[in-house]
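To keep things clear, I will list the structure first and then write my remarks on it.
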Amino acid sequence: MTRLLVIVSLIVLILAPPALLAEEFECIECSSAYFTNLHGESELPIVTIYKQRGVIRSKSKNKFLDNSTYYLEGMLTRPPSENFKLATMQKGEGKFAIVIMDTDGDMILGYEYGDIALQYRDSGSSLSGEFTNGTGKYKGISGKFELTKFTGESDKIKADLKMHLEEMPPLGPHIGYSYDMCNIVKGNFEIK
């Protein structure tokens with residue numbers, strides 16, 4: 001009987017879908033971001049460039065990405081508008097490359113998708129992302145995640161992380177606007 005259980009268990013592990021083998025994670029990320037509207041008129045789409053740097057605190061037992069830092073950069077486009085005020089803008093589409101580095105110097109590469117400006121304005125989720133590759137212990141990583149604006153103790157967390165952010169190299173000179181925000185990030189990952 002024990003032998004049969006072992007054989008069945010091995011078959012299940014071999015044939016199990018990747019989602020069953022994936023490890024879940026949850027973290028809080030806080031960031032400072034800069035954005036510049038490249039152009040936008042009533043007849044042309046609004047094009048905005050974003051640069052963001054941040055720090056991550058894990059809320060998972062596995063401590064995935066705890067004390068990591070990240071850089072994000074990308075572009076958002078939204079329908080033409082007479083008004084550049086965030087409160088009246090229609091939802092846009094964005095793609096943002098992200099590089100996460102942990103305290104050992106190992107990196108994860110990925111993308112975030114969605115409207116980063118609406119994520120700042122609203123309390124719901126308008127961003128999702130994926131891990132596409134990595135170095136060191138993250139080589140072969142893949143995974144997906146969702147971001148939800150964190151409205152809890154974000155001021156306390158931002159204050160705790162401010163020193164960490166100040167240790168990171170600046171994003172460089174910028175023309176445009178800036179903001180700070182925190183998000184709860186939930187997802188799963190696997191390393192092959």
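Ligands are numbered from 1 in the order shown, chains are lettered A, B, ... in the order of the structure tokens, and residues start at 1 in each chain.
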
query: Could you name the residues that touch Met75 of chain A at 8 Å or less, counting only C-alpha atoms, but leaving out those on the same chain fewer than 5 positions away, as a list in words?
result: Val47, Thr48, Ile49, Tyr50, Gly94, Lys95 and Phe96 of chain A

task: Find the spatial neighbours of Thr151 of chain A, counting only C-alpha atoms, within a cut-off of 10 Å - ignore same-chain residues fewer than 5 positions away - and output them as a VMD selection string.
output: chain A and resid 123 181 to 184

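Among A:Ala117, A:Cys27, A:Leu147, A:Leu109, the residue with the shortest atom-to-atom distance to Leu76 of chain A, counting only C-alpha atoms, is A:Ala117.
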
- request: Using atom CA of Phe189 of chain A and atom CA of Ala33 of chain A as the two end points, give the distance in Å to one decimal.
  value: 25.8 Å

message: I'd like the neighbourhood of Ile191 of chain A as a list in words, where a residue qualifies if any of its atoms comes within 12 Å (using only C-alpha atoms), though same-chain residues fewer than 4 positions away should be ignored.
response: Pro18, Ala19, Leu21, Ala22, Glu23, Ile108, Phe131, Thr132, Asn133, Gly134, Thr135, Gly136, Lys137, Tyr138, Lys139, Gly140, Ile141, Ser142 and Gly143 of chain A

Saved selection, atoms kept: all heavy atoms, as a CSV table (one decimal), in the first residue's frame:
```csv
chain,number,residue,atom,x,y,z
A,18,PRO,N,1.9,23.6,-13.5
A,18,PRO,CA,2.8,24.5,-12.8
A,18,PRO,C,2.3,25.3,-11.7
A,18,PRO,O,2.9,25.6,-10.7
A,18,PRO,CB,3.3,25.4,-14.0
A,18,PRO,CG,3.1,24.6,-15.2
A,18,PRO,CD,1.9,23.8,-14.9
A,19,ALA,N,1.0,25.8,-11.8
A,19,ALA,CA,0.4,26.6,-10.8
A,19,ALA,C,0.4,25.9,-9.4
A,19,ALA,O,0.5,26.5,-8.4
A,19,ALA,CB,-1.0,27.0,-11.2
A,21,LEU,N,2.7,23.9,-8.4
A,21,LEU,CA,4.0,23.9,-7.9
A,21,LEU,C,4.5,25.3,-7.5
A,21,LEU,O,5.6,25.5,-6.9
A,21,LEU,CB,5.0,23.3,-8.9
A,21,LEU,CG,4.6,21.8,-9.3
A,21,LEU,CD1,5.5,21.4,-10.4
A,21,LEU,CD2,4.7,20.9,-8.1
A,22,ALA,N,3.8,26.3,-8.0
A,22,ALA,CA,4.3,27.7,-7.8
A,22,ALA,C,4.2,28.0,-6.3
A,22,ALA,O,3.3,27.6,-5.6
A,22,ALA,CB,3.4,28.7,-8.6
A,23,GLU,N,5.0,28.9,-5.8
A,23,GLU,CA,5.0,29.4,-4.5
A,23,GLU,C,4.4,30.8,-4.4
A,23,GLU,O,4.7,31.6,-5.2
A,23,GLU,CB,6.5,29.5,-4.0
A,23,GLU,CG,6.6,29.5,-2.5
A,23,GLU,CD,8.1,29.3,-2.0
A,23,GLU,OE1,8.9,28.8,-2.8
A,23,GLU,OE2,8.3,29.6,-0.9
A,108,ILE,N,15.8,40.1,-10.5
A,108,ILE,CA,14.7,39.6,-11.2
A,108,ILE,C,14.3,40.6,-12.3
A,108,ILE,O,14.2,41.8,-11.9
A,108,ILE,CB,13.5,39.3,-10.3
A,108,ILE,CG1,13.8,38.2,-9.3
A,108,ILE,CG2,12.2,38.9,-11.1
A,108,ILE,CD1,12.8,38.0,-8.2
A,131,PHE,N,7.1,38.1,-13.8
A,131,PHE,CA,8.5,37.9,-13.7
A,131,PHE,C,8.9,37.1,-14.9
A,131,PHE,O,8.3,36.1,-15.3
A,131,PHE,CB,8.9,37.1,-12.5
A,131,PHE,CG,8.5,37.7,-11.2
A,131,PHE,CD1,7.9,37.0,-10.2
A,131,PHE,CD2,8.8,39.0,-10.9
A,131,PHE,CE1,7.5,37.5,-9.0
A,131,PHE,CE2,8.5,39.6,-9.7
A,131,PHE,CZ,7.8,38.8,-8.7
A,132,THR,N,10.0,37.5,-15.6
A,132,THR,CA,10.3,36.8,-16.9
A,132,THR,C,11.7,36.1,-16.8
A,132,THR,O,11.9,35.2,-17.6
A,132,THR,CB,10.4,37.8,-18.1
A,132,THR,OG1,11.3,38.9,-17.7
A,132,THR,CG2,9.0,38.4,-18.3
A,133,ASN,N,12.6,36.5,-15.9
A,133,ASN,CA,13.9,35.9,-15.8
A,133,ASN,C,14.6,36.5,-14.6
A,133,ASN,O,14.1,37.4,-14.0
A,133,ASN,CB,14.7,36.1,-17.1
A,133,ASN,CG,15.7,35.0,-17.3
A,133,ASN,OD1,16.1,34.3,-16.4
A,133,ASN,ND2,16.2,34.8,-18.6
A,134,GLY,N,15.8,35.9,-14.3
A,134,GLY,CA,16.5,36.4,-13.2
A,134,GLY,C,18.0,35.9,-13.2
A,134,GLY,O,18.4,35.2,-14.1
A,135,THR,N,18.7,36.4,-12.2
A,135,THR,CA,20.1,36.0,-12.1
A,135,THR,C,20.3,35.3,-10.8
A,135,THR,O,19.5,35.4,-9.9
A,135,THR,CB,21.1,37.2,-12.2
A,135,THR,OG1,20.8,38.0,-11.1
A,135,THR,CG2,20.9,38.0,-13.5
A,136,GLY,N,21.4,34.6,-10.6
A,136,GLY,CA,21.7,33.9,-9.3
A,136,GLY,C,20.6,33.0,-8.9
A,136,GLY,O,20.2,32.2,-9.7
A,137,LYS,N,20.1,33.1,-7.7
A,137,LYS,CA,19.1,32.2,-7.2
A,137,LYS,C,17.8,32.3,-7.9
A,137,LYS,O,16.9,31.5,-7.8
A,137,LYS,CB,18.9,32.4,-5.7
A,137,LYS,CG,18.4,33.7,-5.2
A,137,LYS,CD,18.3,33.7,-3.7
A,137,LYS,CE,18.4,35.1,-3.1
A,137,LYS,NZ,19.7,35.7,-3.1
A,138,TYR,N,17.6,33.4,-8.7
A,138,TYR,CA,16.4,33.6,-9.4
A,138,TYR,C,16.4,33.2,-10.9
A,138,TYR,O,15.5,33.4,-11.7
A,138,TYR,CB,15.9,35.1,-9.4
A,138,TYR,CG,15.8,35.6,-7.9
A,138,TYR,CD1,16.6,36.6,-7.5
A,138,TYR,CD2,14.9,35.0,-7.1
A,138,TYR,CE1,16.4,37.1,-6.2
A,138,TYR,CE2,14.7,35.5,-5.8
A,138,TYR,CZ,15.5,36.5,-5.3
A,138,TYR,OH,15.4,37.0,-4.0
A,139,LYS,N,17.6,32.6,-11.3
A,139,LYS,CA,17.7,32.2,-12.7
A,139,LYS,C,16.6,31.2,-13.0
A,139,LYS,O,16.4,30.3,-12.3
A,139,LYS,CB,19.1,31.6,-13.0
A,139,LYS,CG,19.3,31.3,-14.4
A,139,LYS,CD,20.8,30.8,-14.6
A,139,LYS,CE,21.0,30.5,-16.1
A,139,LYS,NZ,21.5,31.6,-16.8
A,140,GLY,N,15.8,31.5,-14.1
A,140,GLY,CA,14.7,30.6,-14.5
A,140,GLY,C,13.4,31.0,-13.9
A,140,GLY,O,12.4,30.2,-14.0
A,141,ILE,N,13.3,32.1,-13.2
A,141,ILE,CA,12.1,32.4,-12.5
A,141,ILE,C,11.0,32.8,-13.5
A,141,ILE,O,11.3,33.4,-14.5
A,141,ILE,CB,12.3,33.6,-11.4
A,141,ILE,CG1,11.1,33.7,-10.5
A,141,ILE,CG2,12.6,34.9,-12.1
A,141,ILE,CD1,11.3,34.6,-9.3
A,142,SER,N,9.8,32.5,-13.1
A,142,SER,CA,8.6,33.0,-13.8
A,142,SER,C,7.5,33.2,-12.8
A,142,SER,O,7.6,32.6,-11.7
A,142,SER,CB,8.1,32.0,-14.9
A,142,SER,OG,7.8,30.8,-14.3
A,143,GLY,N,6.6,34.0,-13.0
A,143,GLY,CA,5.5,34.2,-12.1
A,143,GLY,C,4.6,35.4,-12.5
A,143,GLY,O,4.9,36.1,-13.4
```

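With only C-alpha atoms as the atoms that count, the minimum distance from Pro79 of chain A to the choices A:Lys192, A:Lys61, A:Lys91, A:Arg53 is reached by A:Lys91.
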